[in-house]
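Novice: Below is the structure I would like to discuss, written out as structure tokens.
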Amino acid sequence: MDASDLLRNSLLQLSKQENIRDFVEKTPVSRSVVKRFVPGAQHSDVVAAAGEIAATGRLSTIDYLGEDTADLAQAQQTRDAYLQLITALRDEGLTEGATAEVSLKLSALGQALPGDGNKVALEHAHDICTLADLAGTTVTLDMEDHTTTDQTLEALRELRADFPTVGAVLQTYLHRTEADCRDLAGTGSRVRLCKGAYKEPESVAFQSRSDVDRSYVRCLKILMHGDGYPMIATHDPRLIEIAGALAAQAGRAATSFEYQMLYGIRPEEQKRISDRGDQMRVYIPYGEEWYGYLMRRMAEKPANVMFFLRGLATRG
């Protein structure tokens with residue numbers, strides 16, 4: 001295990017440390033830096049950010065932060081937050097043509113609740129998909145740790161029966177993902193391909209960055225040569241170049257796939273890709289539960305850590 005892998009594992013551990021979270025949340029300097037990655041806690045904050053992104057020709061997908069919901073009331077509150085968000089986006093004209101869509105974590109909608117958690121999460125997701133469909137936009141189901149993969153893909157199948165455009169997320173650090181790509185490369189299937197951001201055991205996931213990258217390319221080949229709609233979620237210049245070459249090789253039009261990057265990461269590159277005629281969608285998180293998200297983003301790429309630390313030093 002190299003130094004970057006050690007750093008990644010340490011940050012993933014920190015994402016679960018409440019005492020560290022409390023310190024970061026109460027430090028005004030760090031909160032000001034966090035705004036680079038999370039535009040705010042309220043609907044108005046993220047709608048404004050989505051509007052600014054749309055004005056530059058980019059698309060967006062919005063995540064109301066939260067996961068591992070512990071009670072039914074909290075799951076209902078998350079569903080209601082998404083319904084309010086979609087309504088606000090529609091009122092601003094941002095849902096037309098899926099200029100702004102939403103990303104859902106089923107654990108935030110009640111998947112982990114005892115007893116009928118899967119049923120509760122599916123019903124809440126169905127409510128959100130119904131309103132999104134009426135508003136003219138789409139929904140993507142975020143993927144979480146490997147223990148929920150089968151449940152999430154089953155929910156995807158059920159939702160697609162009524163809403164065929166619901167997107168899936170597949171993580172290339174999992175050994176199973178090539179097979180999942182083959183299953184989901186059919187006509188009209190929207191698939192976001194990412195590396196993965198959870199700490200997973202060696203039995204189910206590649207542990208080295210090079211193995212994860214090689215898996216990404218293998219999965220990307222399957223999706224690009226399939227009949228679906230690949231969503232290439234990466235900031236890695238080499239993988240972006242490979243994706244473009246594979247798209248050209250497969251004879252894909254620019255409208256038949258898209259690139260995705262995180263809010264606040266490589267914004268100039270995002271604009272460059274959009275300006276050259278390719279589709280670029282920005283993943284925008286918002287809400288109070290930003291700490292775990294931030295730690296996982298830093299774990300994904302050491303450069304993100306350096307940006308955060310430089311920001312603290314500059315603003316301090």
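In the structure tokens, chains take letters A, B, ... by order of appearance, with residues numbered from 1 within each chain and ligands from 1 in the order shown.
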Using only C-alpha atoms, which residues sit within 9 Å of region 154-161 of chain A once same-chain residues fewer than 3 positions away are excluded, as a compact mmCIF listing (two decimals) with N, CA and C atoms, in the first residue's frame?

Specialist:
# COMPACT_ATOMS: atom_id res chain seq x y z
N LEU A 106 -30.43 5.89 -1.40
CA LEU A 106 -31.55 5.16 -0.82
C LEU A 106 -31.43 5.03 0.70
N ASN A 118 -36.36 -1.31 2.80
CA ASN A 118 -36.28 -1.27 1.34
C ASN A 118 -37.58 -0.76 0.72
N ALA A 121 -37.86 3.08 1.35
CA ALA A 121 -36.96 3.84 0.49
C ALA A 121 -37.48 3.85 -0.95
N LEU A 122 -37.99 2.71 -1.42
CA LEU A 122 -38.50 2.62 -2.78
C LEU A 122 -39.72 3.53 -2.96
N ALA A 125 -38.50 7.09 -3.09
CA ALA A 125 -37.85 7.34 -4.38
C ALA A 125 -38.89 7.46 -5.49
N HIS A 126 -39.93 6.65 -5.41
CA HIS A 126 -41.00 6.71 -6.41
C HIS A 126 -41.69 8.07 -6.38
N CYS A 129 -39.34 10.49 -8.08
CA CYS A 129 -39.30 10.27 -9.52
C CYS A 129 -40.57 10.77 -10.20
N LEU A 141 -29.90 7.17 -9.10
CA LEU A 141 -29.73 6.52 -7.79
C LEU A 141 -28.25 6.39 -7.49
N THR A 149 -25.39 -2.81 -2.72
CA THR A 149 -25.39 -2.80 -4.18
C THR A 149 -26.57 -3.57 -4.77
N ASP A 150 -26.78 -4.80 -4.31
CA ASP A 150 -27.89 -5.59 -4.86
C ASP A 150 -29.24 -4.94 -4.59
N GLN A 151 -29.42 -4.40 -3.39
CA GLN A 151 -30.69 -3.75 -3.05
C GLN A 151 -30.92 -2.52 -3.93
N PRO A 164 -38.30 4.96 -17.02
CA PRO A 164 -37.17 4.31 -17.71
C PRO A 164 -35.87 5.11 -17.69
N THR A 165 -35.96 6.41 -17.44
CA THR A 165 -34.74 7.24 -17.48
C THR A 165 -33.98 7.29 -16.16
N VAL A 166 -34.47 6.61 -15.13
CA VAL A 166 -33.74 6.63 -13.85
C VAL A 166 -32.32 6.10 -14.07
N GLY A 167 -31.34 6.86 -13.60
CA GLY A 167 -29.95 6.50 -13.81
C GLY A 167 -29.39 5.62 -12.71
N ALA A 168 -28.39 4.84 -13.08
CA ALA A 168 -27.67 3.98 -12.14
C ALA A 168 -26.26 4.52 -11.93

Novice: Enumerate as a list in words all residues of region 74-178 of chain A assigned to strand (DSSP E or B) by DSSP on the backbone, naming them with the chain letters and numbers the document uses.

Specialist: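 Of region 74-178 of chain A, only Ala100, Glu101, Val102, Ser103, Leu104, Val139, Thr140, Leu141, Gly167, Ala168, Val169, Leu170, Gln171 and Leu174 of chain A fall in strand (DSSP E or B).
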
Novice: Report as JSON, numbers by chain: the residues of region 168-229 of chain A with a DSSP assignment of helix (DSSP H, G or I), based on the backbone of this structure.

Specialist: {"A": [177, 178, 179, 180, 181, 182, 183, 209, 210, 211, 212, 213, 214, 215, 216, 217, 218, 219, 220, 221, 222, 223, 224]}

Novice: Please report, as a Markdown table, each residue of region 116-203 of chain A lying at most 9 Å from region 84-105 of chain A, together with the nearest pair of atoms and the separation in Å rounded to one decimal; use only C-alpha atoms, and order rows by chain and ascending residue number.

Specialist:
| residue | atom | partner | partner_atom | distance |
| --- | --- | --- | --- | --- |
| A:Ala125 | CA | A:Leu104 | CA | 7.7 |
| A:Ile128 | CA | A:Ile86 | CA | 8.4 |
| A:Leu131 | CA | A:Ile86 | CA | 7.4 |
| A:Ala132 | CA | A:Ile86 | CA | 6.5 |
| A:Ala135 | CA | A:Thr95 | CA | 6.1 |
| A:Gly136 | CA | A:Glu96 | CA | 5.2 |
| A:Thr137 | CA | A:Ala98 | CA | 4.1 |
| A:Thr138 | CA | A:Glu101 | CA | 5.2 |
| A:Val139 | CA | A:Val102 | CA | 5.1 |
| A:Thr140 | CA | A:Ser103 | CA | 4.7 |
| A:Leu141 | CA | A:Leu104 | CA | 5.0 |
| A:Asp142 | CA | A:Lys105 | CA | 5.1 |
| A:Met143 | CA | A:Lys105 | CA | 7.0 |
| A:Glu144 | CA | A:Lys105 | CA | 7.4 |
| A:Gly167 | CA | A:Ser103 | CA | 8.7 |

Novice: In terms of the shortest atom-to-atom distance over only C-alpha atoms, which of A:Lys221, A:Lys199, A:Arg79, A:Arg266 is closest to Asp145 (chain A)?

Specialist: A:Lys199

Novice: Take CA of Gln207 (chain A) and CA of His175 (chain A) and report the distance between them in Å, one decimal.

Specialist: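 If I compute the distance from CA of Gln207 (chain A) to CA of His175 (chain A), I get 10.4 Å.
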
Novice: Which is closest to Glu202 (chain A) among A:Phe163, A:Tyr173, A:Tyr216, A:Tyr286, if we use only C-alpha atoms?

Specialist: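 The answer is A:Tyr173, which sits nearest to Glu202 (chain A).
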
Novice: Excluding Ser256 (chain A) and residues on its chain fewer than 5 positions from it, collect all residues at most 10 Å away from it, counting only C-alpha atoms, and give them as a PyMOL selection string.

Specialist: chain A and resi 188+190+224+227-231+247+251+278-279

Novice: Need to verify the contact set: Tyr283 (chain A), 10 Å, only C-alpha atoms, exclusion of same-chain residues closer than 2 positions in sequence. Can you return it as a PyMOL selection string?

Specialist: chain A and resi 37+50+59-63+100-103+233+260-265+280-281+285

Novice: State, in Å with one decimal place, the distance from CA of Tyr259 (chain A) to CA of Ile232 (chain A).

Specialist: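 Value for the CA of Tyr259 (chain A)-CA of Ile232 (chain A) distance: 4.6 Å.
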
Novice: Do you have the CA of Ala108 (chain A)-CA of Lys35 (chain A) distance handy?

Specialist: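 Computing the Euclidean distance for CA of Ala108 (chain A) and CA of Lys35 (chain A) yields 22.1 Å.
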
Novice: Counting only C-alpha atoms, figure out which residue out of A:Tyr291, A:Ser203, A:Phe257, A:Asp236 gets nearest to Ser189 (chain A).

Specialist: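 Using only C-alpha atoms, Ser189 (chain A) sits closest to A:Phe257.
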
Novice: Give the answer as one residue: which of A:Glu241, A:Asp133, A:Glu67, A:Glu258 has the shortest atom-to-atom distance to Arg192 (chain A), using only C-alpha atoms?

Specialist: A:Glu258

Novice: Compile the contact shell of region 112-115 of chain A as a list of chain:residue names: residues with an atom at most 10 Å away, counting only C-alpha atoms, same-chain residues fewer than 2 positions apart removed.

Specialist: A:Glu67, A:Asp68, A:Thr69, A:Ala70, A:Asp71, A:Leu72, A:Ala75, A:Leu106, A:Ser107, A:Ala108, A:Leu109, A:Gly110, A:Gly117, A:Asn118, A:Lys119, A:Val120, A:Ala121, A:Thr148

Novice: Quick one: write out the picked residues with C-alpha atoms as a PDB file, in the first residue's frame?

Specialist:
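Result file follows (selection.pdb):
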ATOM      1  CA  GLU A  67     -27.243   8.805   4.517  1.00  0.00           C
ATOM      2  CA  ASP A  68     -27.847   5.962   6.974  1.00  0.00           C
ATOM      3  CA  THR A  69     -31.180   7.463   8.032  1.00  0.00           C
ATOM      4  CA  ALA A  70     -32.070   6.185  11.471  1.00  0.00           C
ATOM      5  CA  ASP A  71     -35.819   6.805  11.683  1.00  0.00           C
ATOM      6  CA  LEU A  72     -38.880   7.092   9.477  1.00  0.00           C
ATOM      7  CA  ALA A  75     -36.463   9.554   5.804  1.00  0.00           C
ATOM      8  CA  LEU A 106     -31.554   5.156  -0.816  1.00  0.00           C
ATOM      9  CA  SER A 107     -30.063   4.950   2.680  1.00  0.00           C
ATOM     10  CA  ALA A 108     -31.126   8.575   3.184  1.00  0.00           C
ATOM     11  CA  LEU A 109     -34.661   7.618   2.148  1.00  0.00           C
ATOM     12  CA  GLY A 110     -34.966   4.814   4.707  1.00  0.00           C
ATOM     13  CA  GLY A 117     -36.658  -0.284   4.995  1.00  0.00           C
ATOM     14  CA  ASN A 118     -36.280  -1.272   1.345  1.00  0.00           C
ATOM     15  CA  LYS A 119     -39.997  -0.766   0.764  1.00  0.00           C
ATOM     16  CA  VAL A 120     -39.971   2.622   2.496  1.00  0.00           C
ATOM     17  CA  ALA A 121     -36.964   3.836   0.485  1.00  0.00           C
ATOM     18  CA  THR A 148     -26.284  -2.213  -0.518  1.00  0.00           C
TER      19      THR A 148
END
